[in-house]
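The next block is entry-v3.txt, given as compact mmCIF, N, CA and C atoms.
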```txt
# COMPACT_ATOMS: atom_id res chain seq x y z
N MET J 11 124.92 101.52 94.22
CA MET J 11 123.95 100.74 93.49
C MET J 11 123.79 99.36 94.12
N ALA J 12 122.57 98.93 94.18
CA ALA J 12 122.30 97.59 94.69
C ALA J 12 122.68 96.56 93.63
N LYS J 13 123.13 95.43 94.07
CA LYS J 13 123.48 94.35 93.14
C LYS J 13 122.22 93.58 92.76
N THR J 14 122.11 93.23 91.49
CA THR J 14 120.98 92.42 91.03
C THR J 14 121.04 91.07 91.73
N THR J 15 119.94 90.70 92.37
CA THR J 15 119.91 89.43 93.09
C THR J 15 119.14 88.36 92.34
N ASP J 16 118.37 88.74 91.35
CA ASP J 16 117.64 87.78 90.52
C ASP J 16 117.77 88.21 89.06
N SER J 17 118.85 87.79 88.44
CA SER J 17 119.16 88.26 87.09
C SER J 17 118.40 87.54 85.99
N LYS J 18 117.56 86.58 86.34
CA LYS J 18 116.79 85.84 85.34
C LYS J 18 115.31 86.18 85.36
N THR J 19 114.92 87.23 86.08
CA THR J 19 113.51 87.58 86.19
C THR J 19 113.29 89.04 85.84
N VAL J 20 112.25 89.29 85.04
CA VAL J 20 111.81 90.64 84.69
C VAL J 20 110.42 90.82 85.27
N VAL J 21 110.19 91.94 85.93
CA VAL J 21 108.89 92.25 86.52
C VAL J 21 108.10 93.10 85.53
N LEU J 22 106.90 92.64 85.19
CA LEU J 22 106.00 93.34 84.28
C LEU J 22 104.84 93.89 85.10
N ILE J 23 104.65 95.21 85.05
CA ILE J 23 103.66 95.86 85.89
C ILE J 23 102.63 96.55 85.00
N ASP J 24 101.44 95.97 84.96
CA ASP J 24 100.35 96.52 84.13
C ASP J 24 99.05 95.89 84.61
N ASP J 25 98.01 96.68 84.71
CA ASP J 25 96.71 96.14 85.14
C ASP J 25 95.94 95.54 83.96
N GLU J 26 96.48 95.65 82.77
CA GLU J 26 95.89 95.03 81.59
C GLU J 26 96.94 94.10 80.98
N MET J 27 97.12 92.95 81.59
CA MET J 27 98.22 92.05 81.22
C MET J 27 98.15 91.57 79.77
N HIS J 28 96.98 91.62 79.17
CA HIS J 28 96.91 91.22 77.76
C HIS J 28 97.84 92.08 76.90
N ASN J 29 98.12 93.31 77.36
CA ASN J 29 99.06 94.18 76.64
C ASN J 29 100.49 93.66 76.70
N MET J 30 100.76 92.81 77.69
CA MET J 30 102.13 92.35 77.89
C MET J 30 102.34 90.88 77.55
N ASN J 31 101.31 90.19 77.08
CA ASN J 31 101.46 88.76 76.78
C ASN J 31 102.61 88.49 75.82
N TRP J 32 102.75 89.32 74.80
CA TRP J 32 103.83 89.10 73.84
C TRP J 32 105.19 89.31 74.50
N MET J 33 105.28 90.22 75.50
CA MET J 33 106.55 90.42 76.20
C MET J 33 106.89 89.20 77.04
N VAL J 34 105.88 88.60 77.67
CA VAL J 34 106.10 87.38 78.45
C VAL J 34 106.67 86.30 77.53
N ASP J 35 106.05 86.12 76.36
CA ASP J 35 106.53 85.12 75.40
C ASP J 35 107.95 85.44 74.93
N TYR J 36 108.20 86.69 74.60
CA TYR J 36 109.51 87.12 74.13
C TYR J 36 110.58 86.85 75.18
N LEU J 37 110.33 87.28 76.40
CA LEU J 37 111.31 87.11 77.47
C LEU J 37 111.51 85.63 77.81
N SER J 38 110.42 84.88 77.81
CA SER J 38 110.50 83.45 78.09
C SER J 38 111.36 82.74 77.03
N SER J 39 111.22 83.13 75.78
CA SER J 39 112.00 82.50 74.71
C SER J 39 113.49 82.79 74.85
N ARG J 40 113.83 83.79 75.64
CA ARG J 40 115.23 84.13 75.87
C ARG J 40 115.72 83.67 77.25
N GLY J 41 114.90 82.82 77.89
CA GLY J 41 115.33 82.22 79.16
C GLY J 41 115.02 83.01 80.40
N PHE J 42 114.15 84.03 80.28
CA PHE J 42 113.82 84.84 81.44
C PHE J 42 112.47 84.44 82.02
N ASN J 43 112.37 84.53 83.33
CA ASN J 43 111.09 84.37 84.02
C ASN J 43 110.45 85.74 84.12
N THR J 44 109.16 85.78 84.28
CA THR J 44 108.47 87.05 84.50
C THR J 44 107.60 86.95 85.75
N ILE J 45 107.48 88.07 86.39
CA ILE J 45 106.52 88.24 87.48
C ILE J 45 105.55 89.30 87.00
N ASN J 46 104.26 88.99 87.03
CA ASN J 46 103.24 89.92 86.57
C ASN J 46 102.57 90.56 87.79
N VAL J 47 102.50 91.87 87.78
CA VAL J 47 101.94 92.64 88.88
C VAL J 47 100.93 93.63 88.30
N SER J 48 99.83 93.85 89.02
CA SER J 48 98.76 94.67 88.43
C SER J 48 98.53 96.04 89.08
N ASN J 49 99.24 96.37 90.16
CA ASN J 49 99.06 97.71 90.73
C ASN J 49 100.34 98.17 91.42
N ALA J 50 100.39 99.45 91.75
CA ALA J 50 101.60 100.04 92.32
C ALA J 50 101.94 99.44 93.68
N ASN J 51 100.94 99.18 94.49
CA ASN J 51 101.19 98.64 95.82
C ASN J 51 101.84 97.27 95.76
N GLU J 52 101.31 96.39 94.90
CA GLU J 52 101.91 95.07 94.72
C GLU J 52 103.32 95.20 94.15
N ALA J 53 103.51 96.14 93.24
CA ALA J 53 104.83 96.33 92.62
C ALA J 53 105.87 96.68 93.68
N VAL J 54 105.54 97.58 94.57
CA VAL J 54 106.48 97.96 95.62
C VAL J 54 106.81 96.75 96.50
N GLN J 55 105.81 95.95 96.81
CA GLN J 55 106.06 94.74 97.62
C GLN J 55 107.00 93.78 96.89
N VAL J 56 106.78 93.59 95.60
CA VAL J 56 107.64 92.70 94.81
C VAL J 56 109.06 93.27 94.73
N LEU J 57 109.18 94.56 94.50
CA LEU J 57 110.50 95.18 94.36
C LEU J 57 111.27 95.16 95.68
N ASP J 58 110.57 95.06 96.79
CA ASP J 58 111.23 94.95 98.09
C ASP J 58 111.87 93.58 98.31
N GLN J 59 111.48 92.58 97.52
CA GLN J 59 111.98 91.22 97.73
C GLN J 59 113.35 90.98 97.09
N GLU J 60 113.59 91.56 95.92
CA GLU J 60 114.82 91.31 95.16
C GLU J 60 115.14 92.55 94.33
N ILE J 61 116.32 92.54 93.74
CA ILE J 61 116.64 93.46 92.65
C ILE J 61 116.65 92.59 91.40
N TYR J 62 115.61 92.71 90.59
CA TYR J 62 115.42 91.87 89.42
C TYR J 62 116.21 92.41 88.23
N ARG J 63 116.29 91.62 87.17
CA ARG J 63 117.03 92.03 85.96
C ARG J 63 116.49 93.35 85.42
N ALA J 64 115.16 93.48 85.40
CA ALA J 64 114.55 94.72 84.90
C ALA J 64 113.10 94.78 85.35
N ILE J 65 112.55 96.00 85.28
CA ILE J 65 111.10 96.16 85.46
C ILE J 65 110.58 96.96 84.28
N ILE J 66 109.38 96.59 83.86
CA ILE J 66 108.68 97.30 82.79
C ILE J 66 107.35 97.71 83.39
N VAL J 67 107.10 99.00 83.47
CA VAL J 67 105.93 99.49 84.19
C VAL J 67 105.09 100.41 83.32
N ASP J 68 103.80 100.12 83.27
CA ASP J 68 102.83 100.98 82.61
C ASP J 68 102.58 102.18 83.51
N LEU J 69 102.41 103.35 82.93
CA LEU J 69 102.16 104.55 83.73
C LEU J 69 100.79 104.54 84.40
N ASN J 70 99.79 103.97 83.74
CA ASN J 70 98.42 104.00 84.26
C ASN J 70 98.07 102.69 84.94
N ILE J 71 98.51 102.56 86.18
CA ILE J 71 98.17 101.39 86.98
C ILE J 71 97.46 101.88 88.23
N PRO J 72 96.63 101.05 88.83
CA PRO J 72 95.98 101.46 90.07
C PRO J 72 97.01 101.65 91.19
N ILE J 73 96.67 102.57 92.07
CA ILE J 73 97.48 102.80 93.27
C ILE J 73 96.50 103.00 94.42
N LEU J 74 96.78 102.37 95.53
CA LEU J 74 95.88 102.37 96.69
C LEU J 74 96.55 103.03 97.88
N ASP J 75 95.75 103.31 98.91
CA ASP J 75 96.32 103.80 100.17
C ASP J 75 97.27 102.77 100.72
N PRO J 76 98.32 103.14 101.36
CA PRO J 76 98.79 104.49 101.65
C PRO J 76 99.68 105.08 100.55
N LEU J 77 99.99 104.32 99.52
CA LEU J 77 100.92 104.81 98.49
C LEU J 77 100.37 106.00 97.71
N ILE J 78 99.07 106.09 97.58
CA ILE J 78 98.52 107.19 96.77
C ILE J 78 98.93 108.55 97.34
N ASN J 79 98.92 108.66 98.64
CA ASN J 79 99.31 109.93 99.27
C ASN J 79 100.80 110.20 99.11
N ILE J 80 101.60 109.16 99.19
CA ILE J 80 103.05 109.31 99.00
C ILE J 80 103.34 109.76 97.57
N ALA J 81 102.66 109.17 96.60
CA ALA J 81 102.85 109.56 95.20
C ALA J 81 102.42 111.00 94.98
N LEU J 82 101.28 111.39 95.55
CA LEU J 82 100.79 112.76 95.38
C LEU J 82 101.74 113.78 95.98
N GLU J 83 102.42 113.41 97.06
CA GLU J 83 103.40 114.32 97.68
C GLU J 83 104.57 114.60 96.74
N LYS J 84 104.84 113.70 95.79
CA LYS J 84 105.93 113.89 94.85
C LYS J 84 105.57 114.85 93.72
N GLY J 85 104.27 115.15 93.59
CA GLY J 85 103.87 116.10 92.58
C GLY J 85 102.73 115.59 91.72
N ASP J 86 102.15 116.51 90.97
CA ASP J 86 100.98 116.23 90.14
C ASP J 86 101.21 115.11 89.14
N VAL J 87 102.37 115.09 88.48
CA VAL J 87 102.63 114.07 87.46
C VAL J 87 102.63 112.67 88.08
N TYR J 88 103.07 112.55 89.31
CA TYR J 88 103.05 111.26 90.01
C TYR J 88 101.62 110.88 90.38
N GLY J 89 100.79 111.86 90.67
CA GLY J 89 99.38 111.59 90.96
C GLY J 89 98.62 111.14 89.72
N ARG J 90 98.96 111.72 88.57
CA ARG J 90 98.29 111.35 87.32
C ARG J 90 98.76 110.01 86.78
N TYR J 91 100.02 109.69 87.03
CA TYR J 91 100.62 108.47 86.47
C TYR J 91 101.31 107.67 87.58
N PRO J 92 100.56 106.83 88.30
CA PRO J 92 101.13 106.08 89.42
C PRO J 92 102.30 105.18 89.06
N GLY J 93 102.38 104.73 87.81
CA GLY J 93 103.52 103.91 87.41
C GLY J 93 104.83 104.67 87.53
N LEU J 94 104.77 105.98 87.42
CA LEU J 94 105.96 106.80 87.57
C LEU J 94 106.51 106.69 88.99
N TYR J 95 105.60 106.58 89.96
CA TYR J 95 106.05 106.39 91.34
C TYR J 95 106.80 105.06 91.48
N VAL J 96 106.32 104.02 90.82
CA VAL J 96 106.99 102.71 90.88
C VAL J 96 108.39 102.83 90.27
N ALA J 97 108.52 103.55 89.17
CA ALA J 97 109.84 103.76 88.56
C ALA J 97 110.75 104.52 89.52
N PHE J 98 110.23 105.56 90.14
CA PHE J 98 110.98 106.33 91.14
C PHE J 98 111.43 105.41 92.28
N TYR J 99 110.51 104.59 92.75
CA TYR J 99 110.80 103.68 93.85
C TYR J 99 111.92 102.71 93.46
N ALA J 100 111.83 102.16 92.27
CA ALA J 100 112.84 101.21 91.80
C ALA J 100 114.21 101.87 91.69
N ARG J 101 114.26 103.05 91.10
CA ARG J 101 115.54 103.74 90.95
C ARG J 101 116.16 104.05 92.31
N ASN J 102 115.33 104.39 93.28
CA ASN J 102 115.84 104.68 94.62
C ASN J 102 116.14 103.42 95.42
N LYS J 103 115.69 102.31 94.93
CA LYS J 103 115.97 101.00 95.55
C LYS J 103 117.31 100.46 95.06
N GLY J 104 117.84 101.04 93.98
CA GLY J 104 119.13 100.61 93.47
C GLY J 104 119.11 100.09 92.05
N TYR J 105 117.94 100.06 91.41
CA TYR J 105 117.87 99.66 90.01
C TYR J 105 118.61 100.69 89.16
N ARG J 106 119.40 100.20 88.21
CA ARG J 106 120.15 101.09 87.34
C ARG J 106 119.26 101.54 86.18
N ASP J 107 119.75 102.50 85.42
CA ASP J 107 118.92 103.12 84.39
C ASP J 107 118.38 102.13 83.36
N ARG J 108 119.17 101.20 82.87
CA ARG J 108 118.68 100.27 81.86
C ARG J 108 117.74 99.23 82.45
N GLN J 109 117.58 99.21 83.74
CA GLN J 109 116.73 98.22 84.38
C GLN J 109 115.29 98.70 84.57
N VAL J 110 115.01 99.97 84.29
CA VAL J 110 113.68 100.52 84.52
C VAL J 110 113.13 101.11 83.21
N ILE J 111 112.05 100.49 82.72
CA ILE J 111 111.40 100.94 81.49
C ILE J 111 109.98 101.34 81.82
N ILE J 112 109.63 102.57 81.46
CA ILE J 112 108.27 103.08 81.62
C ILE J 112 107.63 103.03 80.23
N TYR J 113 106.38 102.56 80.17
CA TYR J 113 105.72 102.62 78.87
C TYR J 113 104.26 103.02 79.06
N SER J 114 103.72 103.66 78.04
CA SER J 114 102.37 104.21 78.15
C SER J 114 101.83 104.58 76.77
N VAL J 115 100.52 104.73 76.69
CA VAL J 115 99.92 105.27 75.48
C VAL J 115 100.02 106.80 75.48
N HIS J 116 100.36 107.38 76.61
CA HIS J 116 100.42 108.84 76.75
C HIS J 116 101.82 109.37 76.46
N ARG J 117 101.87 110.39 75.63
CA ARG J 117 103.12 111.12 75.42
C ARG J 117 102.95 112.43 76.19
N ASP J 118 103.63 112.51 77.30
CA ASP J 118 103.49 113.66 78.18
C ASP J 118 104.86 114.26 78.45
N PRO J 119 105.08 115.53 78.11
CA PRO J 119 106.38 116.15 78.34
C PRO J 119 106.81 116.13 79.81
N ALA J 120 105.84 116.20 80.72
CA ALA J 120 106.20 116.15 82.15
C ALA J 120 106.73 114.77 82.52
N VAL J 121 106.15 113.72 81.96
CA VAL J 121 106.64 112.35 82.21
C VAL J 121 108.01 112.19 81.57
N SER J 122 108.17 112.68 80.36
CA SER J 122 109.45 112.60 79.67
C SER J 122 110.55 113.27 80.49
N ALA J 123 110.25 114.45 81.00
CA ALA J 123 111.24 115.18 81.81
C ALA J 123 111.57 114.41 83.09
N GLU J 124 110.56 113.85 83.73
CA GLU J 124 110.78 113.11 84.97
C GLU J 124 111.51 111.80 84.70
N ALA J 125 111.18 111.13 83.61
CA ALA J 125 111.89 109.90 83.24
C ALA J 125 113.37 110.20 82.99
N THR J 126 113.65 111.31 82.33
CA THR J 126 115.03 111.71 82.09
C THR J 126 115.73 112.00 83.41
N ARG J 127 115.07 112.73 84.30
CA ARG J 127 115.64 113.05 85.60
C ARG J 127 115.94 111.77 86.40
N LEU J 128 115.02 110.80 86.33
CA LEU J 128 115.19 109.54 87.05
C LEU J 128 116.20 108.62 86.37
N GLY J 129 116.42 108.83 85.08
CA GLY J 129 117.30 107.95 84.32
C GLY J 129 116.60 106.67 83.88
N CYS J 130 115.33 106.78 83.52
CA CYS J 130 114.54 105.63 83.06
C CYS J 130 114.28 105.76 81.56
N THR J 131 114.05 104.64 80.92
CA THR J 131 113.63 104.63 79.53
C THR J 131 112.12 104.85 79.48
N TYR J 132 111.66 105.70 78.57
CA TYR J 132 110.23 106.01 78.42
C TYR J 132 109.84 105.70 76.99
N ILE J 133 108.95 104.73 76.82
CA ILE J 133 108.54 104.27 75.49
C ILE J 133 107.02 104.40 75.36
N ILE J 134 106.59 104.83 74.21
CA ILE J 134 105.16 104.96 73.92
C ILE J 134 104.64 103.62 73.40
N LYS J 135 103.51 103.14 73.95
CA LYS J 135 102.90 101.90 73.48
C LYS J 135 102.52 102.05 72.01
N GLY J 136 102.39 100.92 71.34
CA GLY J 136 102.02 100.95 69.94
C GLY J 136 103.22 101.11 69.03
N ARG J 137 104.40 101.02 69.59
CA ARG J 137 105.64 101.10 68.81
C ARG J 137 106.44 99.81 69.06
N PRO J 138 105.96 98.71 68.50
CA PRO J 138 106.57 97.41 68.81
C PRO J 138 108.06 97.32 68.47
N LYS J 139 108.50 97.97 67.39
CA LYS J 139 109.92 97.93 67.05
C LYS J 139 110.75 98.59 68.14
N GLU J 140 110.28 99.72 68.62
CA GLU J 140 111.01 100.45 69.67
C GLU J 140 111.03 99.64 70.97
N ILE J 141 109.89 99.05 71.32
CA ILE J 141 109.83 98.25 72.54
C ILE J 141 110.72 97.02 72.40
N LYS J 142 110.66 96.35 71.25
CA LYS J 142 111.50 95.17 71.04
C LYS J 142 112.98 95.54 71.09
N HIS J 143 113.35 96.66 70.49
CA HIS J 143 114.73 97.12 70.53
C HIS J 143 115.18 97.33 71.97
N GLU J 144 114.35 97.95 72.78
CA GLU J 144 114.70 98.18 74.18
C GLU J 144 114.76 96.86 74.95
N LEU J 145 113.82 95.95 74.69
CA LEU J 145 113.87 94.64 75.35
C LEU J 145 115.14 93.89 74.98
N ASP J 146 115.55 93.98 73.70
CA ASP J 146 116.80 93.35 73.28
C ASP J 146 117.97 93.93 74.08
N ALA J 147 117.98 95.25 74.24
CA ALA J 147 119.05 95.89 75.00
C ALA J 147 119.01 95.45 76.47
N VAL J 148 117.82 95.31 77.02
CA VAL J 148 117.68 94.91 78.42
C VAL J 148 118.21 93.50 78.63
N VAL J 149 117.85 92.57 77.76
CA VAL J 149 118.29 91.19 77.97
C VAL J 149 119.78 91.01 77.68
N LYS J 150 120.36 91.90 76.87
CA LYS J 150 121.80 91.84 76.62
C LYS J 150 122.60 92.53 77.71
N TYR J 151 121.99 93.49 78.39
CA TYR J 151 122.66 94.28 79.40
C TYR J 151 122.67 93.51 80.72
N ASP J 152 123.83 93.21 81.22
CA ASP J 152 123.95 92.54 82.51
C ASP J 152 124.37 93.57 83.55
N PRO J 153 123.44 93.99 84.40
CA PRO J 153 123.75 95.06 85.37
C PRO J 153 124.73 94.62 86.45
N THR J 154 125.07 93.36 86.49
CA THR J 154 126.04 92.90 87.51
C THR J 154 127.48 93.07 87.03
N VAL J 155 127.65 93.40 85.75
CA VAL J 155 128.99 93.58 85.20
C VAL J 155 129.27 95.07 85.10
N LEU J 156 130.40 95.50 85.63
CA LEU J 156 130.77 96.92 85.57
C LEU J 156 131.16 97.28 84.15
N ALA J 157 130.78 98.48 83.71
CA ALA J 157 131.13 98.96 82.37
C ALA J 157 132.64 99.09 82.26
N GLN J 158 133.17 98.78 81.10
CA GLN J 158 134.61 98.85 80.89
C GLN J 158 134.99 100.16 80.27
```
Structure rendered as structure tokens:
Amino acid sequence: MAKTTDSKTVVLIDDEMHNMNWMVDYLSSRGFNTINVSNANEAVQVLDQEIYRAIIVDLNIPILDPLINIALEKGDVYGRYPGLYVAFYARNKGYRDRQVIIYSVHRDPAVSAEATRLGCTYIIKGRPKEIKHELDAVVKYDPTVLAQ
């Protein structure tokens, strides 16, 4: 596992940032910085710079060449939901399970199965209590400390 190099920053990945404004406020009130990214290509570039405290990625984000072909090679579910490719990329970059949260308005059994396989949290939008509970767990979880 890669060591977290920026433990005070959470990356928010969504092309409709108004959906995440409350998360920015919430995280900021707890002393975290946020980086806002609007597509899969930018997300991969940002994730290449550091291992951040966590990433929260919407499933339906734009993806451009050349990443679109790479995502499609992983299977149909990755082609339908480009954010899933970002989650896959992060997990293979060294992000631990509690550091990668996928969220979407779509409840898709294929995404659920893939999120489980990847070891990511999958939350449905419109469930603020569930999202807040997971954000609380993320900000309390320090991935630089080994479990006892």
Pick from J:Leu69, J:Leu128, J:Val56, J:Ala64: nearest to Ser17 (chain J), with only C-alpha atoms counted?
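For Ser17 (chain J), the nearest of the given residues is J:Ala64.
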Local residues around (115.8, 89.2, 96.1), at most 12 Å away, using only C-alpha atoms, as a list in words
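Those residues, ordered by chain and then number, are Ala12, Lys13, Thr14, Thr15, Asp16, Ser17, Lys18, Thr19, Gln55, Val56, Leu57, Asp58, Gln59, Glu60, Ile61, Tyr62, Arg63 and Lys103 of chain J.
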One decimal, in Å: what's the spacing between CA of Leu82 (chain J) and atom N of Ala50 (chain J)?
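Those two atoms sit 13.8 Å apart.
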Near Leu145 (chain J), counting only C-alpha atoms, which residues have an atom at most 10 Å away, once you skip same-chain residues fewer than 4 positions from it, shown as a count of residues only?
13
Pick from J:Val54, J:Met30, J:Val110, J:Ile73, whichever lies nearest to Pro92 (chain J) using all atoms listed in the file
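Among the listed residues, the smallest separation from Pro92 (chain J) belongs to J:Ile73.
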Work out how far atom N of Tyr132 (chain J) is from atom C of Gly104 (chain J), in Å to one decimal.
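According to the coordinates, atom C of Gly104 (chain J) and atom N of Tyr132 (chain J) are separated by 16.4 Å.
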Could you state the separation of CA of Pro76 (chain J) and CA of Asp118 (chain J) in Å, given to one decimal place?
25.6 Å
I want to know what sits within 6.5 Å of Ile45 (chain J), based on all atoms listed in the file, with residues of the same chain fewer than 5 positions away left out; could you give that as a list in words?
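Contacts, in chain order: Thr19, Val20, Val21, Leu22 and Ile23 of chain J.
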Just the selected residues (N, CA and C atoms), exported as a CSV table (one decimal), in the coordinates of the input, please.
```csv
chain,number,residue,atom,x,y,z
J,19,THR,N,114.9,87.2,86.1
J,19,THR,CA,113.5,87.6,86.2
J,19,THR,C,113.3,89.0,85.8
J,20,VAL,N,112.2,89.3,85.0
J,20,VAL,CA,111.8,90.6,84.7
J,20,VAL,C,110.4,90.8,85.3
J,21,VAL,N,110.2,91.9,85.9
J,21,VAL,CA,108.9,92.2,86.5
J,21,VAL,C,108.1,93.1,85.5
J,22,LEU,N,106.9,92.6,85.2
J,22,LEU,CA,106.0,93.3,84.3
J,22,LEU,C,104.8,93.9,85.1
J,23,ILE,N,104.6,95.2,85.0
J,23,ILE,CA,103.7,95.9,85.9
J,23,ILE,C,102.6,96.6,85.0
```
For Ala53 (chain J), which of J:Cys130, J:Ile80, J:Val67, J:Ile112 is the closest residue, counting only C-alpha atoms?
J:Val67
Could you check which of J:Ile133, J:Arg117, J:Asp25, J:Tyr105 is closest to Ser48 (chain J), using all atoms listed in the file?
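Result for the nearest residue to Ser48 (chain J): J:Asp25.
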All strand (DSSP E) positions in chain J, as an MDAnalysis selection string
chainID J and resid 16:23 43:47 62:68 110:114 131:134
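Residue nearest Asp68 (chain J), chosen from J:Asn102, J:Val96, J:Ser114, J:Asn49 and counting all atoms listed in the file: J:Ser114.
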Would you list, as JSON, numbers by chain, the residues of chain J that end up in alpha helix (DSSP H) under DSSP run on this structure's backbone?
{"J": [31, 32, 33, 34, 35, 36, 37, 38, 39, 50, 51, 52, 53, 54, 55, 56, 57, 77, 78, 79, 80, 81, 82, 83, 86, 87, 88, 89, 90, 92, 93, 94, 95, 96, 97, 98, 99, 100, 101, 102, 103, 119, 120, 121, 122, 123, 124, 125, 126, 127, 128, 138, 139, 140, 141, 142, 143, 144, 145, 146, 147, 148, 149, 150]}
